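Raw contents of run.cif, mmCIF, N, CA, C and O atoms:
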```
data_work
loop_
_atom_site.label_atom_id
_atom_site.label_comp_id
_atom_site.auth_asym_id
_atom_site.auth_seq_id
_atom_site.Cartn_x
_atom_site.Cartn_y
_atom_site.Cartn_z
N MET A 1 11.62 13.66 -7.64
CA MET A 1 12.38 12.51 -7.22
C MET A 1 11.64 11.72 -6.14
O MET A 1 11.62 10.51 -6.17
N ASN A 2 11.00 12.41 -5.20
CA ASN A 2 10.27 11.72 -4.13
C ASN A 2 9.10 10.92 -4.70
O ASN A 2 8.77 9.87 -4.19
N LYS A 3 8.44 11.43 -5.73
CA LYS A 3 7.30 10.72 -6.32
C LYS A 3 7.76 9.43 -6.98
O LYS A 3 7.06 8.43 -6.94
N LEU A 4 8.95 9.44 -7.57
CA LEU A 4 9.46 8.23 -8.21
C LEU A 4 9.78 7.14 -7.18
O LEU A 4 9.61 5.96 -7.45
N LEU A 5 10.23 7.53 -6.00
CA LEU A 5 10.53 6.56 -4.96
C LEU A 5 9.27 6.02 -4.31
O LEU A 5 9.24 4.89 -3.83
N MET A 6 8.21 6.82 -4.28
CA MET A 6 6.97 6.39 -3.62
C MET A 6 6.26 5.31 -4.41
O MET A 6 5.66 4.42 -3.84
N ILE A 7 6.36 5.30 -5.73
CA ILE A 7 5.66 4.31 -6.55
C ILE A 7 6.23 2.91 -6.31
O ILE A 7 5.48 1.98 -6.01
N PRO A 8 7.57 2.68 -6.38
CA PRO A 8 8.08 1.34 -6.09
C PRO A 8 7.79 0.90 -4.65
O PRO A 8 7.50 -0.25 -4.40
N ALA A 9 7.84 1.84 -3.70
CA ALA A 9 7.55 1.49 -2.31
C ALA A 9 6.10 1.04 -2.17
O ALA A 9 5.81 0.07 -1.47
N ALA A 10 5.17 1.69 -2.85
CA ALA A 10 3.77 1.30 -2.79
C ALA A 10 3.57 -0.07 -3.44
O ALA A 10 2.79 -0.89 -2.94
N LEU A 11 4.28 -0.35 -4.51
CA LEU A 11 4.18 -1.65 -5.15
C LEU A 11 4.70 -2.76 -4.23
O LEU A 11 4.12 -3.83 -4.14
N LEU A 12 5.80 -2.50 -3.53
CA LEU A 12 6.36 -3.49 -2.61
C LEU A 12 5.40 -3.76 -1.45
O LEU A 12 5.22 -4.91 -1.05
N LEU A 13 4.79 -2.72 -0.92
CA LEU A 13 3.85 -2.90 0.19
C LEU A 13 2.63 -3.70 -0.24
O LEU A 13 2.16 -4.56 0.47
N SER A 14 2.11 -3.44 -1.44
CA SER A 14 0.93 -4.17 -1.88
C SER A 14 1.27 -5.62 -2.16
O SER A 14 0.48 -6.52 -1.94
N THR A 15 2.48 -5.90 -2.64
CA THR A 15 2.91 -7.27 -2.89
C THR A 15 3.10 -8.02 -1.58
O THR A 15 2.70 -9.17 -1.45
N ALA A 16 3.66 -7.38 -0.57
CA ALA A 16 3.87 -8.02 0.73
C ALA A 16 2.54 -8.34 1.38
O ALA A 16 2.40 -9.38 2.03
N ALA A 17 1.55 -7.48 1.23
CA ALA A 17 0.25 -7.73 1.84
C ALA A 17 -0.45 -8.91 1.18
O ALA A 17 -1.26 -9.58 1.80
N ALA A 18 -0.15 -9.18 -0.08
CA ALA A 18 -0.80 -10.27 -0.80
C ALA A 18 -0.04 -11.59 -0.67
O ALA A 18 -0.42 -12.57 -1.28
N ALA A 19 1.02 -11.63 0.13
CA ALA A 19 1.81 -12.85 0.28
C ALA A 19 0.95 -13.95 0.90
O ALA A 19 0.16 -13.68 1.81
N PRO A 20 1.07 -15.20 0.43
CA PRO A 20 0.25 -16.28 0.98
C PRO A 20 0.65 -16.63 2.40
O PRO A 20 1.80 -16.49 2.78
N LYS A 21 -0.32 -17.06 3.18
CA LYS A 21 -0.05 -17.53 4.54
C LYS A 21 0.41 -18.98 4.46
O LYS A 21 -0.15 -19.77 3.72
N ILE A 22 1.42 -19.33 5.22
CA ILE A 22 1.95 -20.69 5.21
C ILE A 22 1.51 -21.40 6.48
O ILE A 22 1.61 -20.86 7.58
N SER A 23 1.00 -22.61 6.33
CA SER A 23 0.59 -23.41 7.48
C SER A 23 1.31 -24.76 7.41
O SER A 23 1.91 -25.09 6.40
N ALA A 24 1.20 -25.52 8.47
CA ALA A 24 1.86 -26.83 8.51
C ALA A 24 1.34 -27.76 7.42
O ALA A 24 2.06 -28.58 6.88
N GLN A 25 0.05 -27.62 7.07
CA GLN A 25 -0.52 -28.48 6.04
C GLN A 25 0.04 -28.17 4.66
O GLN A 25 -0.02 -29.00 3.77
N SER A 26 0.59 -26.96 4.47
CA SER A 26 1.09 -26.59 3.15
C SER A 26 2.58 -26.87 2.98
O SER A 26 3.12 -26.61 1.92
N ILE A 27 3.23 -27.40 4.00
CA ILE A 27 4.65 -27.69 3.90
C ILE A 27 4.84 -29.03 3.19
O ILE A 27 4.28 -30.04 3.59
N ILE A 28 5.59 -29.01 2.12
CA ILE A 28 5.88 -30.22 1.37
C ILE A 28 7.37 -30.48 1.46
O ILE A 28 8.17 -29.61 1.13
N VAL A 29 7.73 -31.64 1.91
CA VAL A 29 9.14 -31.99 2.06
C VAL A 29 9.53 -32.95 0.95
O VAL A 29 8.90 -33.98 0.77
N ASN A 30 10.54 -32.60 0.19
CA ASN A 30 11.05 -33.45 -0.87
C ASN A 30 12.48 -33.85 -0.52
O ASN A 30 13.42 -33.12 -0.81
N PRO A 31 12.66 -34.99 0.13
CA PRO A 31 14.02 -35.39 0.52
C PRO A 31 14.89 -35.66 -0.71
O PRO A 31 14.41 -36.14 -1.72
N THR A 32 16.15 -35.30 -0.58
CA THR A 32 17.07 -35.49 -1.70
C THR A 32 17.64 -36.91 -1.73
O THR A 32 18.00 -37.40 -2.77
N THR A 33 17.73 -37.56 -0.58
CA THR A 33 18.25 -38.92 -0.52
C THR A 33 17.17 -39.81 0.10
O THR A 33 16.78 -39.59 1.25
N PRO A 34 16.69 -40.82 -0.60
CA PRO A 34 15.57 -41.61 -0.10
C PRO A 34 15.92 -42.66 0.95
O PRO A 34 15.09 -43.47 1.31
N ASP A 35 17.13 -42.66 1.47
CA ASP A 35 17.52 -43.69 2.44
C ASP A 35 17.26 -43.30 3.89
O ASP A 35 17.76 -43.94 4.80
N LEU A 36 16.48 -42.27 4.13
CA LEU A 36 16.17 -41.83 5.49
C LEU A 36 15.12 -42.75 6.11
O LEU A 36 14.09 -43.03 5.51
N THR A 37 15.40 -43.25 7.30
CA THR A 37 14.40 -44.01 8.05
C THR A 37 14.16 -43.30 9.38
O THR A 37 15.09 -42.76 9.98
N VAL A 38 12.92 -43.30 9.81
CA VAL A 38 12.52 -42.62 11.04
C VAL A 38 11.71 -43.59 11.89
O VAL A 38 10.81 -44.26 11.39
N ALA A 39 12.03 -43.69 13.16
CA ALA A 39 11.26 -44.47 14.12
C ALA A 39 10.68 -43.50 15.14
O ALA A 39 11.42 -42.73 15.75
N VAL A 40 9.36 -43.50 15.27
CA VAL A 40 8.67 -42.60 16.21
C VAL A 40 8.01 -43.45 17.28
O VAL A 40 7.35 -44.44 16.98
N ARG A 41 8.20 -43.05 18.54
CA ARG A 41 7.63 -43.79 19.66
C ARG A 41 6.93 -42.82 20.60
O ARG A 41 7.31 -41.66 20.69
N ILE A 42 5.91 -43.31 21.29
CA ILE A 42 5.25 -42.54 22.34
C ILE A 42 5.31 -43.34 23.63
O ILE A 42 5.50 -44.56 23.61
N ASP A 43 5.15 -42.67 24.74
CA ASP A 43 5.38 -43.32 26.03
C ASP A 43 4.37 -44.42 26.38
O ASP A 43 4.71 -45.34 27.11
N LYS A 44 3.17 -44.43 25.82
CA LYS A 44 2.21 -45.49 26.12
C LYS A 44 2.41 -46.72 25.25
O LYS A 44 1.82 -47.76 25.50
N ASP A 45 3.19 -46.60 24.18
CA ASP A 45 3.46 -47.76 23.31
C ASP A 45 4.83 -47.59 22.69
O ASP A 45 4.97 -47.06 21.60
N THR A 46 5.85 -48.04 23.38
CA THR A 46 7.21 -47.88 22.88
C THR A 46 7.52 -48.81 21.72
O THR A 46 8.48 -48.61 21.00
N SER A 47 6.66 -49.83 21.50
CA SER A 47 6.91 -50.76 20.39
C SER A 47 6.43 -50.21 19.06
O SER A 47 6.91 -50.58 18.01
N GLY A 48 5.44 -49.31 19.11
CA GLY A 48 4.88 -48.77 17.88
C GLY A 48 3.87 -49.68 17.22
O GLY A 48 3.43 -49.43 16.11
N ASN A 49 3.46 -50.76 17.90
CA ASN A 49 2.54 -51.74 17.31
C ASN A 49 1.09 -51.57 17.75
O ASN A 49 0.21 -52.20 17.21
N GLN A 50 0.84 -50.76 18.77
CA GLN A 50 -0.50 -50.60 19.30
C GLN A 50 -1.08 -49.25 18.89
O GLN A 50 -0.43 -48.46 18.22
N ASN A 51 -2.31 -49.01 19.31
CA ASN A 51 -2.97 -47.73 19.05
C ASN A 51 -3.46 -47.18 20.38
O ASN A 51 -4.65 -47.27 20.69
N PRO A 52 -2.55 -46.64 21.21
CA PRO A 52 -2.94 -46.20 22.54
C PRO A 52 -3.86 -44.98 22.50
O PRO A 52 -3.82 -44.20 21.56
N ALA A 53 -4.68 -44.85 23.54
CA ALA A 53 -5.59 -43.71 23.65
C ALA A 53 -5.13 -42.81 24.79
O ALA A 53 -4.70 -43.28 25.84
N TYR A 54 -5.24 -41.53 24.57
CA TYR A 54 -4.93 -40.54 25.60
C TYR A 54 -6.19 -39.78 25.93
O TYR A 54 -7.03 -39.54 25.06
N LYS A 55 -6.32 -39.39 27.20
CA LYS A 55 -7.44 -38.58 27.65
C LYS A 55 -7.03 -37.12 27.66
O LYS A 55 -5.83 -36.80 27.72
N VAL A 56 -8.01 -36.23 27.61
CA VAL A 56 -7.74 -34.80 27.70
C VAL A 56 -6.97 -34.54 28.99
O VAL A 56 -7.35 -35.01 30.06
N GLY A 57 -5.86 -33.85 28.88
CA GLY A 57 -5.04 -33.52 30.04
C GLY A 57 -3.88 -34.48 30.26
O GLY A 57 -2.99 -34.19 31.05
N ASP A 58 -3.90 -35.65 29.60
CA ASP A 58 -2.79 -36.59 29.71
C ASP A 58 -1.54 -36.00 29.07
O ASP A 58 -1.61 -35.38 28.01
N GLY A 59 -0.42 -36.21 29.70
CA GLY A 59 0.85 -35.82 29.10
C GLY A 59 1.29 -36.88 28.10
O GLY A 59 0.86 -38.03 28.17
N ILE A 60 2.12 -36.49 27.17
CA ILE A 60 2.63 -37.44 26.18
C ILE A 60 4.10 -37.14 25.94
O ILE A 60 4.52 -35.99 25.92
N THR A 61 4.87 -38.19 25.80
CA THR A 61 6.28 -38.05 25.44
C THR A 61 6.47 -38.71 24.08
O THR A 61 6.15 -39.88 23.90
N VAL A 62 6.96 -37.93 23.13
CA VAL A 62 7.19 -38.41 21.77
C VAL A 62 8.70 -38.41 21.54
O VAL A 62 9.38 -37.44 21.86
N SER A 63 9.20 -39.52 21.02
CA SER A 63 10.63 -39.56 20.68
C SER A 63 10.78 -40.07 19.25
O SER A 63 9.94 -40.82 18.75
N ALA A 64 11.83 -39.63 18.61
CA ALA A 64 12.10 -40.04 17.23
C ALA A 64 13.57 -40.37 17.09
O ALA A 64 14.43 -39.72 17.70
N THR A 65 13.86 -41.38 16.28
CA THR A 65 15.23 -41.77 15.98
C THR A 65 15.36 -41.82 14.46
O THR A 65 14.50 -42.37 13.78
N VAL A 66 16.43 -41.22 13.94
CA VAL A 66 16.68 -41.24 12.49
C VAL A 66 18.03 -41.90 12.24
O VAL A 66 18.88 -41.94 13.11
N ASN A 67 18.22 -42.41 11.03
CA ASN A 67 19.47 -43.12 10.72
C ASN A 67 20.57 -42.21 10.19
O ASN A 67 21.68 -42.66 9.92
N ARG A 68 20.26 -40.93 10.03
CA ARG A 68 21.28 -39.96 9.61
C ARG A 68 20.82 -38.58 10.03
O ARG A 68 19.69 -38.40 10.48
N ASP A 69 21.67 -37.56 9.87
CA ASP A 69 21.31 -36.21 10.24
C ASP A 69 20.04 -35.78 9.50
O ASP A 69 19.92 -36.00 8.29
N ALA A 70 19.11 -35.19 10.24
CA ALA A 70 17.86 -34.76 9.63
C ALA A 70 17.19 -33.74 10.54
O ALA A 70 17.46 -33.67 11.74
N TYR A 71 16.32 -32.93 9.94
CA TYR A 71 15.45 -32.05 10.72
C TYR A 71 14.16 -32.82 10.97
O TYR A 71 13.59 -33.39 10.06
N VAL A 72 13.71 -32.83 12.23
CA VAL A 72 12.47 -33.52 12.58
C VAL A 72 11.50 -32.46 13.11
O VAL A 72 11.82 -31.71 14.03
N TYR A 73 10.33 -32.39 12.49
CA TYR A 73 9.31 -31.42 12.89
C TYR A 73 8.15 -32.15 13.54
O TYR A 73 7.75 -33.22 13.08
N LEU A 74 7.62 -31.60 14.61
CA LEU A 74 6.46 -32.16 15.28
C LEU A 74 5.39 -31.08 15.33
O LEU A 74 5.62 -29.98 15.85
N PHE A 75 4.22 -31.37 14.76
CA PHE A 75 3.12 -30.42 14.74
C PHE A 75 1.98 -30.97 15.56
O PHE A 75 1.66 -32.15 15.50
N ASN A 76 1.34 -30.11 16.33
CA ASN A 76 0.15 -30.46 17.08
C ASN A 76 -1.05 -29.91 16.30
O ASN A 76 -1.21 -28.69 16.18
N VAL A 77 -1.87 -30.80 15.77
CA VAL A 77 -3.05 -30.38 15.03
C VAL A 77 -4.27 -30.65 15.90
O VAL A 77 -4.54 -31.78 16.28
N ASN A 78 -4.99 -29.60 16.25
CA ASN A 78 -6.16 -29.70 17.11
C ASN A 78 -7.36 -30.23 16.32
O ASN A 78 -7.36 -30.19 15.09
N PRO A 79 -8.41 -30.71 17.01
CA PRO A 79 -9.58 -31.24 16.31
C PRO A 79 -10.24 -30.23 15.37
O PRO A 79 -10.82 -30.62 14.37
N ASP A 80 -10.09 -28.93 15.66
CA ASP A 80 -10.68 -27.93 14.77
C ASP A 80 -9.78 -27.58 13.59
O ASP A 80 -10.11 -26.72 12.77
N GLY A 81 -8.63 -28.25 13.48
CA GLY A 81 -7.73 -28.03 12.35
C GLY A 81 -6.65 -27.00 12.58
O GLY A 81 -5.77 -26.85 11.75
N THR A 82 -6.68 -26.31 13.70
CA THR A 82 -5.63 -25.33 13.96
C THR A 82 -4.35 -26.06 14.34
O THR A 82 -4.37 -27.15 14.92
N VAL A 83 -3.23 -25.43 14.00
CA VAL A 83 -1.93 -26.04 14.26
C VAL A 83 -1.27 -25.34 15.43
O VAL A 83 -1.26 -24.14 15.52
#
```

Whole structure given in structure tokens:
Amino acid sequence: MNKLLMIPAALLLSTAAAAPKISAQSIIVNPTTPDLTVAVRIDKDTSGNQNPAYKVGDGITVSATVNRDAYVYLFNVNPDGTV
């Protein structure tokens, strides 16, 4: 009986080890209702019309406004591609 239980457990462990790693780049969002609008602003350009530059060490404030309930995700992607 113990040998029969060990085989499924070994299969589950090998499957879990082969599970793919998920990163921010692999997240695909498929909204169900296309009427969502999002406005994103940063503290150096609240109008959203410019392309402000930040220096290393500068703080940044990011704000977002949506027209209905939604989950908003913010990812920091470094120059080397790490999230």

Query raised in the report: What is the distance, in Å and to one decimal place, between atom N of Ala39 (chain A) and atom N of Asn78 (chain A)?
Result: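 So the two atoms, atom N of Ala39 (chain A) and atom N of Asn78 (chain A), lie 22.3 Å apart.
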
Query raised in the report: What does the distance from CA of Ala64 (chain A) to CA of Val40 (chain A) come to in Å, to one decimal?
Result: 4.4 Å

Query raised in the report: So what do you get for atom N of Asp43 (chain A) versus CA of Gly59 (chain A), distance-wise?
Result: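 Result for atom N of Asp43 (chain A) versus CA of Gly59 (chain A): 9.2 Å, one decimal.
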
Report summary line: For Asp45 (chain A), the closest of A:Gly81, A:Arg68, A:Phe75, A:Thr61 counting all atoms listed in the file is A:Thr61

Using the file's own x, y and z axes, so that the box edges lie along x, y and z, what centre and edge lengths in Å (one decimal) does a box around every listed atom of region 62-76 of chain A get when 4 Å is added on each side? Give it as AutoDock Vina command-line options.
```
--center_x 10.2 --center_y -35.9 --center_z 15.7 --size_x 30.9 --size_y 22.4 --size_z 22.8
```

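The residue set within 7 Å of Ile42 (chain A), counting all atoms listed in the file and dropping same-chain residues fewer than 2 places from it, reads Val40, Lys44, Asp45, Thr46, Ser47, Gly48, Ile60, Thr61, Val62 and Ser63 of chain A.
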